[in-house]
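Content type mmCIF, C-alpha atoms and all ligand atoms, from the file entry30.cif:
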```cif
data_target
#
loop_
_atom_site.group_PDB
_atom_site.id
_atom_site.type_symbol
_atom_site.label_atom_id
_atom_site.label_comp_id
_atom_site.auth_asym_id
_atom_site.auth_seq_id
_atom_site.Cartn_x
_atom_site.Cartn_y
_atom_site.Cartn_z
ATOM 1 C CA MET A 101 47.541 -37.205 7.832
ATOM 2 C CA LYS A 102 51.009 -38.143 6.573
ATOM 3 C CA LEU A 103 50.774 -40.399 3.524
ATOM 4 C CA ALA A 104 53.192 -43.246 2.912
ATOM 5 C CA CYS A 105 54.251 -42.377 -0.641
ATOM 6 C CA PRO A 106 53.980 -39.528 -3.154
ATOM 7 C CA ILE A 107 51.021 -40.403 -5.352
ATOM 8 C CA SER A 108 52.267 -38.240 -8.225
ATOM 9 C CA GLN A 109 54.541 -41.105 -9.305
ATOM 10 C CA PHE A 110 51.443 -43.062 -10.385
ATOM 11 C CA ARG A 111 49.652 -40.199 -12.162
ATOM 12 C CA VAL A 112 49.697 -40.135 -15.959
ATOM 13 C CA ALA A 113 50.720 -36.638 -16.990
ATOM 14 C CA PRO A 114 48.559 -35.218 -19.806
ATOM 15 C CA ASP A 115 50.033 -35.773 -23.275
ATOM 16 C CA LYS A 116 52.890 -37.923 -21.938
ATOM 17 C CA SER A 117 53.599 -41.204 -23.693
ATOM 18 C CA VAL A 118 52.882 -44.339 -21.659
ATOM 19 C CA LYS A 119 54.960 -47.513 -21.920
ATOM 20 C CA LEU A 120 53.149 -50.166 -19.937
ATOM 21 C CA LYS A 121 55.904 -52.722 -20.476
ATOM 22 C CA LYS A 122 58.267 -50.375 -18.697
ATOM 23 C CA THR A 123 55.803 -49.442 -15.955
ATOM 24 C CA ALA A 124 56.058 -51.450 -12.731
ATOM 25 C CA THR A 125 53.330 -53.947 -11.850
ATOM 26 C CA LYS A 126 54.971 -54.373 -8.438
ATOM 27 C CA ILE A 127 56.783 -51.953 -6.123
ATOM 28 C CA ASP A 128 58.237 -52.251 -2.615
ATOM 29 C CA PRO A 129 55.381 -52.786 -0.162
ATOM 30 C CA LEU A 130 54.098 -49.737 1.655
ATOM 31 C CA TYR A 131 53.414 -51.957 4.696
ATOM 32 C CA THR A 132 55.803 -53.853 6.931
ATOM 33 C CA SER A 133 53.471 -56.574 8.266
ATOM 34 C CA ASP A 134 49.857 -57.795 8.152
ATOM 35 C CA ASP A 135 49.038 -55.608 11.141
ATOM 36 C CA ASP A 136 50.720 -52.595 9.607
ATOM 37 C CA TYR A 137 48.706 -53.095 6.385
ATOM 38 C CA GLU A 138 45.430 -53.387 8.301
ATOM 39 C CA SER A 139 46.108 -50.357 10.437
ATOM 40 C CA LYS A 140 47.223 -48.165 7.504
ATOM 41 C CA LEU A 141 44.195 -49.145 5.422
ATOM 42 C CA ALA A 142 41.877 -48.552 8.371
ATOM 43 C CA SER A 143 43.253 -45.067 8.973
ATOM 44 C CA TYR A 144 42.969 -44.098 5.275
ATOM 45 C CA ARG A 145 39.423 -45.453 5.180
ATOM 46 C CA GLU A 146 38.520 -43.463 8.250
ATOM 47 C CA GLU A 147 39.808 -40.275 6.690
ATOM 48 C CA ILE A 148 38.068 -40.960 3.358
ATOM 49 C CA ALA A 149 34.845 -41.504 5.335
ATOM 50 C CA HIS A 150 35.403 -38.142 7.042
ATOM 51 C CA TRP A 151 35.689 -36.306 3.701
ATOM 52 C CA GLN A 152 32.797 -38.261 2.283
ATOM 53 C CA SER A 153 30.527 -37.086 5.086
ATOM 54 C CA ILE A 154 31.487 -33.468 4.319
ATOM 55 C CA LEU A 155 30.919 -34.059 0.594
ATOM 56 C CA TYR A 156 27.487 -35.466 1.459
ATOM 57 C CA ALA A 157 26.598 -32.567 3.736
ATOM 58 C CA GLY A 158 27.573 -30.024 1.075
ATOM 59 C CA GLN A 159 25.363 -31.571 -1.682
ATOM 60 C CA GLN A 160 27.271 -29.575 -4.303
ATOM 61 C CA GLU A 161 30.156 -31.618 -5.617
ATOM 62 C CA SER A 162 30.432 -35.321 -6.418
ATOM 63 C CA VAL A 163 33.275 -37.782 -6.906
ATOM 64 C CA LEU A 164 33.442 -40.440 -9.605
ATOM 65 C CA LEU A 165 35.994 -43.234 -9.186
ATOM 66 C CA ILE A 166 36.604 -45.314 -12.316
ATOM 67 C CA PHE A 167 38.320 -48.702 -12.080
ATOM 68 C CA GLN A 168 39.700 -50.428 -15.145
ATOM 69 C CA GLY A 169 42.058 -53.358 -15.580
ATOM 70 C CA MET A 170 42.455 -56.786 -17.121
ATOM 71 C CA ASP A 171 40.369 -59.639 -15.670
ATOM 72 C CA SER A 172 41.391 -60.537 -12.111
ATOM 73 C CA ALA A 173 43.383 -57.294 -11.742
ATOM 74 C CA GLY A 174 41.657 -56.818 -8.381
ATOM 75 C CA LYS A 175 39.095 -54.111 -9.163
ATOM 76 C CA GLY A 176 36.302 -55.657 -7.105
ATOM 77 C CA GLY A 177 38.521 -56.400 -4.102
ATOM 78 C CA ALA A 178 40.005 -52.909 -4.157
ATOM 79 C CA ILE A 179 36.555 -51.317 -4.250
ATOM 80 C CA ARG A 180 35.352 -53.524 -1.380
ATOM 81 C CA HIS A 181 38.362 -53.012 0.866
ATOM 82 C CA VAL A 182 38.981 -49.331 0.262
ATOM 83 C CA MET A 183 35.353 -48.193 0.434
ATOM 84 C CA SER A 184 34.047 -50.519 3.144
ATOM 85 C CA GLY A 185 34.127 -47.872 5.877
ATOM 86 C CA ILE A 186 32.092 -45.379 3.865
ATOM 87 C CA ASN A 187 28.503 -44.574 4.714
ATOM 88 C CA PRO A 188 26.574 -46.633 2.114
ATOM 89 C CA GLN A 189 24.032 -43.814 1.789
ATOM 90 C CA GLY A 190 26.695 -41.623 0.229
ATOM 91 C CA CYS A 191 28.270 -44.101 -2.128
ATOM 92 C CA GLN A 192 27.089 -46.217 -5.074
ATOM 93 C CA VAL A 193 28.944 -48.883 -7.047
ATOM 94 C CA HIS A 194 28.002 -49.871 -10.607
ATOM 95 C CA SER A 195 29.566 -52.691 -12.610
ATOM 96 C CA PHE A 196 29.471 -52.485 -16.373
ATOM 97 C CA GLY A 197 29.566 -55.832 -18.174
ATOM 98 C CA ARG A 198 28.505 -56.635 -21.704
ATOM 99 C CA PRO A 199 25.801 -54.152 -22.720
ATOM 100 C CA SER A 200 22.191 -55.297 -22.889
ATOM 101 C CA GLU A 201 20.045 -54.986 -26.004
ATOM 102 C CA GLU A 202 18.500 -51.811 -24.650
ATOM 103 C CA GLU A 203 21.899 -50.315 -23.843
ATOM 104 C CA LEU A 204 23.155 -51.139 -27.337
ATOM 105 C CA ALA A 205 20.175 -49.307 -28.766
ATOM 106 C CA HIS A 206 21.618 -46.033 -27.382
ATOM 107 C CA ASP A 207 24.869 -44.124 -27.764
ATOM 108 C CA TYR A 208 27.771 -45.675 -25.846
ATOM 109 C CA LEU A 209 27.866 -43.167 -22.981
ATOM 110 C CA TRP A 210 24.161 -43.526 -22.250
ATOM 111 C CA ARG A 211 24.205 -46.365 -19.729
ATOM 112 C CA CYS A 212 27.001 -44.715 -17.742
ATOM 113 C CA LEU A 213 25.347 -41.276 -17.780
ATOM 114 C CA LEU A 214 22.308 -42.819 -16.090
ATOM 115 C CA ARG A 215 24.503 -43.908 -13.203
ATOM 116 C CA LEU A 216 26.578 -40.795 -12.605
ATOM 117 C CA PRO A 217 26.721 -39.784 -8.932
ATOM 118 C CA ARG A 218 24.344 -37.135 -7.644
ATOM 119 C CA ARG A 219 25.769 -34.095 -5.901
ATOM 120 C CA GLY A 220 27.150 -35.129 -2.529
ATOM 121 C CA MET A 221 27.758 -38.726 -3.596
ATOM 122 C CA ILE A 222 30.755 -40.886 -4.433
ATOM 123 C CA GLY A 223 30.028 -42.979 -7.533
ATOM 124 C CA ILE A 224 32.206 -45.967 -8.321
ATOM 125 C CA PHE A 225 32.365 -47.517 -11.784
ATOM 126 C CA ASP A 226 33.746 -51.060 -11.956
ATOM 127 C CA ARG A 227 34.578 -50.871 -15.676
ATOM 128 C CA SER A 228 32.971 -47.987 -17.545
ATOM 129 C CA TYR A 229 32.612 -46.204 -20.887
ATOM 130 C CA TYR A 230 36.357 -46.784 -21.213
ATOM 131 C CA GLU A 231 35.517 -50.335 -22.371
ATOM 132 C CA GLU A 232 34.424 -48.574 -25.558
ATOM 133 C CA VAL A 233 38.056 -47.835 -26.453
ATOM 134 C CA LEU A 234 39.385 -51.093 -24.965
ATOM 135 C CA VAL A 235 37.450 -54.336 -25.524
ATOM 136 C CA VAL A 236 35.446 -52.713 -28.327
ATOM 137 C CA ARG A 237 38.667 -51.675 -30.035
ATOM 138 C CA VAL A 238 40.500 -54.955 -29.510
ATOM 139 C CA LYS A 239 37.629 -57.171 -30.668
ATOM 140 C CA PRO A 240 36.155 -56.121 -34.023
ATOM 141 C CA GLU A 241 33.144 -58.422 -33.517
ATOM 142 C CA VAL A 242 32.117 -56.354 -30.463
ATOM 143 C CA LEU A 243 32.174 -53.143 -32.488
ATOM 144 C CA ALA A 244 30.255 -54.885 -35.268
ATOM 145 C CA GLY A 245 27.515 -55.686 -32.731
ATOM 146 C CA GLN A 246 26.939 -52.005 -31.913
ATOM 147 C CA ASN A 247 24.681 -51.275 -34.890
ATOM 148 C CA LEU A 248 26.547 -48.128 -35.822
ATOM 149 C CA PRO A 249 26.195 -46.631 -39.312
ATOM 150 C CA ALA A 250 28.920 -48.219 -41.478
ATOM 151 C CA ASP A 251 30.334 -44.921 -42.733
ATOM 152 C CA LEU A 252 30.941 -43.754 -39.143
ATOM 153 C CA VAL A 253 32.757 -46.942 -38.208
ATOM 154 C CA LYS A 254 34.947 -46.727 -41.296
ATOM 155 C CA HIS A 255 35.946 -43.138 -40.619
ATOM 156 C CA LYS A 256 39.708 -42.810 -40.214
ATOM 157 C CA ASN A 257 39.337 -40.783 -37.022
ATOM 158 C CA PHE A 258 36.875 -43.166 -35.404
ATOM 159 C CA TRP A 259 38.999 -43.938 -32.288
ATOM 160 C CA LYS A 260 40.524 -40.479 -32.113
ATOM 161 C CA ASP A 261 36.989 -39.083 -32.045
ATOM 162 C CA ARG A 262 35.945 -41.465 -29.277
ATOM 163 C CA PHE A 263 38.855 -40.218 -27.159
ATOM 164 C CA HIS A 264 37.797 -36.660 -27.941
ATOM 165 C CA ASP A 265 34.197 -37.454 -26.920
ATOM 166 C CA ILE A 266 35.368 -38.933 -23.622
ATOM 167 C CA ARG A 267 37.651 -35.997 -22.836
ATOM 168 C CA GLN A 268 34.842 -33.543 -23.581
ATOM 169 C CA HIS A 269 32.354 -35.549 -21.533
ATOM 170 C CA GLU A 270 34.708 -35.524 -18.537
ATOM 171 C CA ALA A 271 35.503 -31.819 -18.968
ATOM 172 C CA TYR A 272 31.759 -31.152 -18.954
ATOM 173 C CA LEU A 273 31.312 -33.161 -15.756
ATOM 174 C CA HIS A 274 34.230 -31.324 -14.174
ATOM 175 C CA ARG A 275 32.565 -28.004 -14.989
ATOM 176 C CA ASN A 276 29.471 -29.341 -13.237
ATOM 177 C CA GLY A 277 31.248 -30.168 -9.985
ATOM 178 C CA THR A 278 32.204 -33.835 -10.523
ATOM 179 C CA LYS A 279 35.747 -34.819 -9.572
ATOM 180 C CA ILE A 280 36.779 -37.850 -11.652
ATOM 181 C CA ILE A 281 39.658 -40.088 -10.547
ATOM 182 C CA LYS A 282 40.605 -43.017 -12.787
ATOM 183 C CA PHE A 283 42.545 -46.126 -11.806
ATOM 184 C CA PHE A 284 44.195 -48.590 -14.152
ATOM 185 C CA LEU A 285 45.129 -51.652 -12.111
ATOM 186 C CA HIS A 286 48.295 -52.813 -13.817
ATOM 187 C CA VAL A 287 48.936 -56.561 -13.415
ATOM 188 C CA SER A 288 51.548 -58.673 -15.160
ATOM 189 C CA ALA A 289 50.548 -61.569 -17.416
ATOM 190 C CA ASP A 290 52.279 -63.982 -14.996
ATOM 191 C CA GLU A 291 50.299 -62.677 -12.024
ATOM 192 C CA GLN A 292 47.042 -62.910 -13.994
ATOM 193 C CA ARG A 293 47.891 -66.521 -14.885
ATOM 194 C CA GLU A 294 48.348 -67.352 -11.164
ATOM 195 C CA ARG A 295 45.063 -65.667 -10.252
ATOM 196 C CA LEU A 296 43.113 -67.406 -13.015
ATOM 197 C CA LEU A 297 44.596 -70.769 -11.970
ATOM 198 C CA ALA A 298 43.553 -70.041 -8.386
ATOM 199 C CA ARG A 299 39.998 -69.418 -9.637
ATOM 200 C CA ILE A 300 40.062 -72.815 -11.322
ATOM 201 C CA ASP A 301 41.722 -74.735 -8.466
ATOM 202 C CA ASP A 302 40.013 -73.205 -5.454
ATOM 203 C CA PRO A 303 36.324 -74.250 -5.255
ATOM 204 C CA GLU A 304 35.539 -71.068 -3.349
ATOM 205 C CA LYS A 305 36.823 -69.004 -6.274
ATOM 206 C CA ASN A 306 35.263 -71.073 -9.085
ATOM 207 C CA TRP A 307 32.311 -68.689 -9.325
ATOM 208 C CA LYS A 308 34.632 -65.887 -10.420
ATOM 209 C CA PHE A 309 35.938 -67.822 -13.409
ATOM 210 C CA ARG A 310 34.703 -67.083 -16.954
ATOM 211 C CA LEU A 311 36.046 -68.878 -20.006
ATOM 212 C CA GLY A 312 35.899 -65.503 -21.783
ATOM 213 C CA ASP A 313 38.730 -64.324 -19.485
ATOM 214 C CA LEU A 314 41.098 -66.669 -21.349
ATOM 215 C CA ASP A 315 39.957 -65.199 -24.644
ATOM 216 C CA CYS A 316 40.851 -61.678 -23.458
ATOM 217 C CA ARG A 317 44.142 -63.031 -22.128
ATOM 218 C CA SER A 318 44.961 -64.397 -25.580
ATOM 219 C CA HIS A 319 44.772 -60.778 -26.815
ATOM 220 C CA TRP A 320 47.046 -59.534 -24.025
ATOM 221 C CA ALA A 321 49.379 -57.453 -26.217
ATOM 222 C CA ASP A 322 46.460 -55.816 -28.042
ATOM 223 C CA PHE A 323 44.777 -54.919 -24.761
ATOM 224 C CA GLN A 324 47.995 -53.440 -23.378
ATOM 225 C CA LYS A 325 48.331 -51.360 -26.521
ATOM 226 C CA ALA A 326 44.721 -50.202 -26.293
ATOM 227 C CA TYR A 327 45.176 -49.320 -22.618
ATOM 228 C CA GLN A 328 48.352 -47.435 -23.412
ATOM 229 C CA ASP A 329 46.633 -45.343 -26.044
ATOM 230 C CA CYS A 330 43.642 -44.755 -23.796
ATOM 231 C CA LEU A 331 45.780 -43.618 -20.845
ATOM 232 C CA GLU A 332 47.774 -41.270 -23.076
ATOM 233 C CA GLN A 333 44.719 -39.772 -24.751
ATOM 234 C CA THR A 334 42.394 -39.336 -21.784
ATOM 235 C CA SER A 335 44.502 -38.398 -18.764
ATOM 236 C CA THR A 336 43.895 -34.722 -18.064
ATOM 237 C CA THR A 337 44.846 -32.359 -15.263
ATOM 238 C CA GLU A 338 41.250 -32.303 -14.005
ATOM 239 C CA SER A 339 40.474 -36.001 -14.490
ATOM 240 C CA PRO A 340 43.755 -37.908 -14.257
ATOM 241 C CA TRP A 341 44.520 -41.572 -14.708
ATOM 242 C CA TYR A 342 46.665 -43.351 -12.139
ATOM 243 C CA ILE A 343 48.541 -46.521 -13.074
ATOM 244 C CA VAL A 344 48.458 -48.649 -9.936
ATOM 245 C CA PRO A 345 50.995 -51.491 -9.623
ATOM 246 C CA ALA A 346 48.555 -54.300 -8.867
ATOM 247 C CA ASP A 347 50.550 -57.545 -8.603
ATOM 248 C CA ASP A 348 50.401 -57.110 -4.822
ATOM 249 C CA LYS A 349 46.715 -56.574 -4.036
ATOM 250 C CA ARG A 350 47.290 -55.121 -0.605
ATOM 251 C CA ASN A 351 49.820 -52.618 -1.860
ATOM 252 C CA ALA A 352 47.403 -51.642 -4.631
ATOM 253 C CA ARG A 353 44.663 -50.996 -2.055
ATOM 254 C CA LEU A 354 46.943 -48.770 0.019
ATOM 255 C CA ILE A 355 47.974 -46.820 -3.082
ATOM 256 C CA ILE A 356 44.371 -46.402 -4.255
ATOM 257 C CA SER A 357 43.182 -45.235 -0.867
ATOM 258 C CA GLN A 358 45.960 -42.670 -0.676
ATOM 259 C CA ILE A 359 45.105 -41.378 -4.140
ATOM 260 C CA ILE A 360 41.425 -40.999 -3.225
ATOM 261 C CA LEU A 361 42.318 -39.354 0.034
ATOM 262 C CA GLN A 362 44.755 -36.880 -1.439
ATOM 263 C CA ASN A 363 42.348 -35.891 -4.210
ATOM 264 C CA MET A 364 39.519 -35.400 -1.719
ATOM 265 C CA GLN A 365 41.772 -33.318 0.529
ATOM 266 C CA LYS A 366 42.585 -31.109 -2.451
ATOM 267 C CA MET A 367 38.884 -30.472 -3.080
ATOM 268 C CA GLU A 368 38.883 -28.337 0.089
ATOM 269 C CA LEU A 369 35.430 -29.521 1.026
ATOM 270 C CA GLN A 370 33.737 -27.694 3.860
ATOM 271 C CA LEU A 371 30.631 -28.253 5.910
ATOM 272 C CA PRO A 372 27.958 -25.823 4.718
ATOM 273 C CA SER A 373 27.643 -22.850 7.036
ATOM 274 C CA ALA A 374 24.228 -22.338 8.568
ATOM 275 C CA SER A 375 22.094 -19.677 6.874
ATOM 276 C CA PRO A 376 20.410 -16.963 9.025
ATOM 277 C CA ALA A 377 17.084 -18.802 8.516
ATOM 278 C CA LEU A 378 18.598 -22.077 9.753
ATOM 279 C CA ILE A 379 20.179 -20.351 12.774
ATOM 280 C CA GLN A 380 16.732 -18.994 13.623
ATOM 281 C CA ASP A 381 15.173 -22.473 13.226
ATOM 282 C CA LEU A 382 17.848 -24.003 15.454
ATOM 283 C CA ALA A 383 17.157 -21.458 18.193
ATOM 284 C CA THR A 384 13.408 -22.144 17.950
ATOM 285 C CA ALA A 385 13.939 -25.897 18.049
ATOM 286 C CA ARG A 386 16.273 -25.656 21.046
ATOM 287 C CA LYS A 387 13.698 -23.651 22.937
ATOM 288 C CA LEU A 388 10.898 -26.127 22.130
ATOM 289 C CA LEU A 389 13.012 -29.067 23.301
ATOM 290 C CA GLN A 390 14.105 -27.296 26.475
ATOM 291 C CA ASP A 391 10.515 -26.276 27.250
ATOM 292 C CA GLU A 392 9.488 -29.959 27.072
ATOM 293 C CA VAL A 393 11.639 -30.659 30.143
ATOM 294 C CA ALA A 394 10.435 -27.542 31.961
ATOM 295 C CA GLU A 395 6.783 -28.571 31.414
ATOM 296 C CA ARG A 396 7.219 -32.092 32.884
HETATM 297 P P1 LIG B 1 35.116 -58.450 -14.095
HETATM 298 O O1 LIG B 1 34.805 -57.018 -14.408
HETATM 299 O O2 LIG B 1 35.931 -58.591 -12.855
HETATM 300 O O3 LIG B 1 35.752 -59.180 -15.247
HETATM 301 P P2 LIG B 1 32.894 -60.202 -14.441
HETATM 302 O O4 LIG B 1 33.730 -61.011 -15.402
HETATM 303 O O5 LIG B 1 32.127 -60.919 -13.422
HETATM 304 O O6 LIG B 1 33.761 -59.106 -13.718
HETATM 305 P P3 LIG B 1 31.046 -59.553 -16.482
HETATM 306 O O7 LIG B 1 29.621 -59.330 -16.128
HETATM 307 O O8 LIG B 1 31.455 -60.850 -17.092
HETATM 308 O O9 LIG B 1 31.918 -59.242 -15.213
HETATM 309 O O10 LIG B 1 31.483 -58.336 -17.427
HETATM 310 C C1 LIG B 1 32.785 -58.049 -17.705
HETATM 311 C C2 LIG B 1 32.986 -58.205 -19.191
HETATM 312 O O11 LIG B 1 32.154 -57.295 -19.881
HETATM 313 C C3 LIG B 1 34.422 -57.891 -19.578
HETATM 314 O O12 LIG B 1 34.936 -58.914 -20.382
HETATM 315 C C4 LIG B 1 34.278 -56.603 -20.365
HETATM 316 O O13 LIG B 1 35.257 -56.460 -21.372
HETATM 317 C C5 LIG B 1 32.883 -56.720 -20.933
HETATM 318 N N1 LIG B 1 32.347 -55.406 -21.311
HETATM 319 C C6 LIG B 1 32.237 -54.309 -20.546
HETATM 320 N N2 LIG B 1 31.760 -53.265 -21.261
HETATM 321 C C7 LIG B 1 31.588 -53.707 -22.512
HETATM 322 C C8 LIG B 1 31.143 -53.108 -23.708
HETATM 323 N N3 LIG B 1 30.772 -51.833 -23.763
HETATM 324 N N4 LIG B 1 31.066 -53.871 -24.801
HETATM 325 C C9 LIG B 1 31.420 -55.173 -24.754
HETATM 326 N N5 LIG B 1 31.868 -55.803 -23.661
HETATM 327 C C10 LIG B 1 31.956 -55.089 -22.559
#
```
What would you get if you wrote out this structure as structure tokens?
Amino acid sequence: MKLACPISQFRVAPDKSVKLKKTATKIDPLYTSDDDYESKLASYREEIAHWQSILYAGQQESVLLIFQGMDSAGKGGAIRHVMSGINPQGCQVHSFGRPSEEELAHDYLWRCLLRLPRRGMIGIFDRSYYEEVLVVRVKPEVLAGQNLPADLVKHKNFWKDRFHDIRQHEAYLHRNGTKIIKFFLHVSADEQRERLLARIDDPEKNWKFRLGDLDCRSHWADFQKAYQDCLEQTSTTESPWYIVPADDKRNARLIISQIILQNMQKMELQLPSASPALIQDLATARKLLQDEVAER
């Protein structure tokens, strides 16, 4: 399938510096009308579903999609729209909010490790262990609530080491057959303001509103800085970050679906070939079924 735009423009090259202020939150739409948007998204979804069924049949590799972004960046909507055509048996979504008491009683990767996709599955993380170098870094009170030994927290390489841990963890998963694709949905502060106001003004969106979102917004610059550092430190050739311009939700969904599609195409997935034993079983089964008709 011919894709509408080169996805490499959104990929964060390893060890390259990231300037979010200079990175677009909006680009020219990849669709020309409502119908064009719907039909493009539908065809990408169909193709993703095709690769997902081959991934599932193979039961060897898995795909982990990680979505991060400021509140109201559109993570949930993107996950819903892009993945809606996928066989639910082969796909699992997990949202990571504030950790529970039990989760805080373990190391910070623990709760995410429990939810990694099995072989053959697509796992989707709506927020993830990346919060550990984002909200936990921006808000000292969150780190203070993690019950870590004081000397570890005070160590000068504390954040550098967390990035190292995450890179190693992802390299390990890669060596075990998990393809990780990471999306940062990049919205502008103005667009977030509009979306938060819509959540306040529209009764049907009230349920999405949390007062805590305004608190995070008041730390906007710190979050952008933390994201910048995180994207620079943890984008690797095997497990890249993509910065998705997200002020236009529909454009963001088209970009995300193309990124998933292109990465899955590159995995060169193939249906498992039938073993001699299976070929024998198939021949036996065919004969049994055909004999049923002959015996009627
Ligand atoms: P959304 O992800 O769209 O904001 P939500 O607001 O409904 O959805 P919540 O259940 O409120 O989801 O959880 C999201 C909040 O949890 C975010 O503010 C996020 O920063 C916070 N969070 C996620 N992981 C951690 C963590 N490890 N430590 C502290 N806070 C975290």
### Task
Do a neighbour search on Ile179 (chain A) at 12 Å with all atoms listed in the file, toss out local chain neighbours closer than 5 positions, and write the hits as number ranges by chain.
A: 145, 165-168, 173-174, 184-186, 191-195, 222-227, 283, 285, 349-350, 352-354, 356-357, 360
### Message
ligand LIG 1 (chain B): which residues are within 6 Å, counting only C-alpha atoms and all ligand atoms? Reply as a list in words.
### Response
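The neighbouring residues of ligand LIG 1 (chain B) are, in order, Asp171, Ser172, Phe196, Gly197, Arg198, Pro199, Glu231, Glu232, Val235, Val236 and Val242 of chain A.
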So that I have them on file, write out the residues from the current selection with C-alpha atoms, as a compact mmCIF listing (two decimals), in the frame of the given file.
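Result file follows (out-v5.txt):
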```
# COMPACT_ATOMS: atom_id res chain seq x y z
CA ASP A 171 40.37 -59.64 -15.67
CA SER A 172 41.39 -60.54 -12.11
CA PHE A 196 29.47 -52.48 -16.37
CA GLY A 197 29.57 -55.83 -18.17
CA ARG A 198 28.50 -56.64 -21.70
CA PRO A 199 25.80 -54.15 -22.72
CA GLU A 231 35.52 -50.34 -22.37
CA GLU A 232 34.42 -48.57 -25.56
CA VAL A 235 37.45 -54.34 -25.52
CA VAL A 236 35.45 -52.71 -28.33
CA VAL A 242 32.12 -56.35 -30.46
```
### Message
Please compute the CA of Met221 (chain A)-CA of Val344 (chain A) distance, one decimal, in Å.
### Response
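Separation between CA of Met221 (chain A) and CA of Val344 (chain A): 23.8 Å.
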#### Entry: Picked residues, the PyMOL selection byres (((chain A and resi 365) around 12) and not hetatm), as an NGL selection string
:A and (101 or 103 or 144 or 147-152 or 154-155 or 279 or 358-364 or 366-370)
Expected file: the selected residues, C-alpha atoms, as an mmCIF file, keeping the file's coordinate frame:
```cif
data_model
loop_
_atom_site.group_PDB
_atom_site.id
_atom_site.type_symbol
_atom_site.label_atom_id
_atom_site.label_comp_id
_atom_site.auth_asym_id
_atom_site.auth_seq_id
_atom_site.Cartn_x
_atom_site.Cartn_y
_atom_site.Cartn_z
ATOM 1 C CA MET A 101 47.541 -37.205 7.832
ATOM 2 C CA LEU A 103 50.774 -40.399 3.524
ATOM 3 C CA TYR A 144 42.969 -44.098 5.275
ATOM 4 C CA GLU A 147 39.808 -40.275 6.690
ATOM 5 C CA ILE A 148 38.068 -40.960 3.358
ATOM 6 C CA ALA A 149 34.845 -41.504 5.335
ATOM 7 C CA HIS A 150 35.403 -38.142 7.042
ATOM 8 C CA TRP A 151 35.689 -36.306 3.701
ATOM 9 C CA GLN A 152 32.797 -38.261 2.283
ATOM 10 C CA ILE A 154 31.487 -33.468 4.319
ATOM 11 C CA LEU A 155 30.919 -34.059 0.594
ATOM 12 C CA LYS A 279 35.747 -34.819 -9.572
ATOM 13 C CA GLN A 358 45.960 -42.670 -0.676
ATOM 14 C CA ILE A 359 45.105 -41.378 -4.140
ATOM 15 C CA ILE A 360 41.425 -40.999 -3.225
ATOM 16 C CA LEU A 361 42.318 -39.354 0.034
ATOM 17 C CA GLN A 362 44.755 -36.880 -1.439
ATOM 18 C CA ASN A 363 42.348 -35.891 -4.210
ATOM 19 C CA MET A 364 39.519 -35.400 -1.719
ATOM 20 C CA LYS A 366 42.585 -31.109 -2.451
ATOM 21 C CA MET A 367 38.884 -30.472 -3.080
ATOM 22 C CA GLU A 368 38.883 -28.337 0.089
ATOM 23 C CA LEU A 369 35.430 -29.521 1.026
ATOM 24 C CA GLN A 370 33.737 -27.694 3.860
#
```
### Query
Between CA of Tyr342 (chain A) and CA of His286 (chain A), what is the spacing in Å?
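Here the two named atoms are 9.7 Å from each other.
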### Query
Residues around (53.5, -45.4, -21.1), cut-off 8 Å, counting all atoms listed in the file - what are they as an NGL selection string?
:A and (116-123 or 328 or 331-332)
#### Entry: For Ile280 (chain A), the nearest of the candidates A:Gln246, A:Gln333, A:Ser339, A:Ser318, counting only C-alpha atoms
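Closest to Ile280 (chain A) of all the choices is A:Ser339.
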### Message
I'd like to know which of A:Cys105, A:Ala178, A:Ala124, A:Leu213 is closest to Val287 (chain A), using all atoms listed in the file.
### Response
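Of the candidates, the smallest distance to Val287 (chain A) is held by A:Ala124.
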### Message
Residues near region 249-261 of chain A, anyone? I mean within 9 Å using all atoms listed in the file, not counting same-chain ones fewer than 3 positions away, as a ChimeraX atom specification.
### Response
/A:233,237,243-244,264-266,333
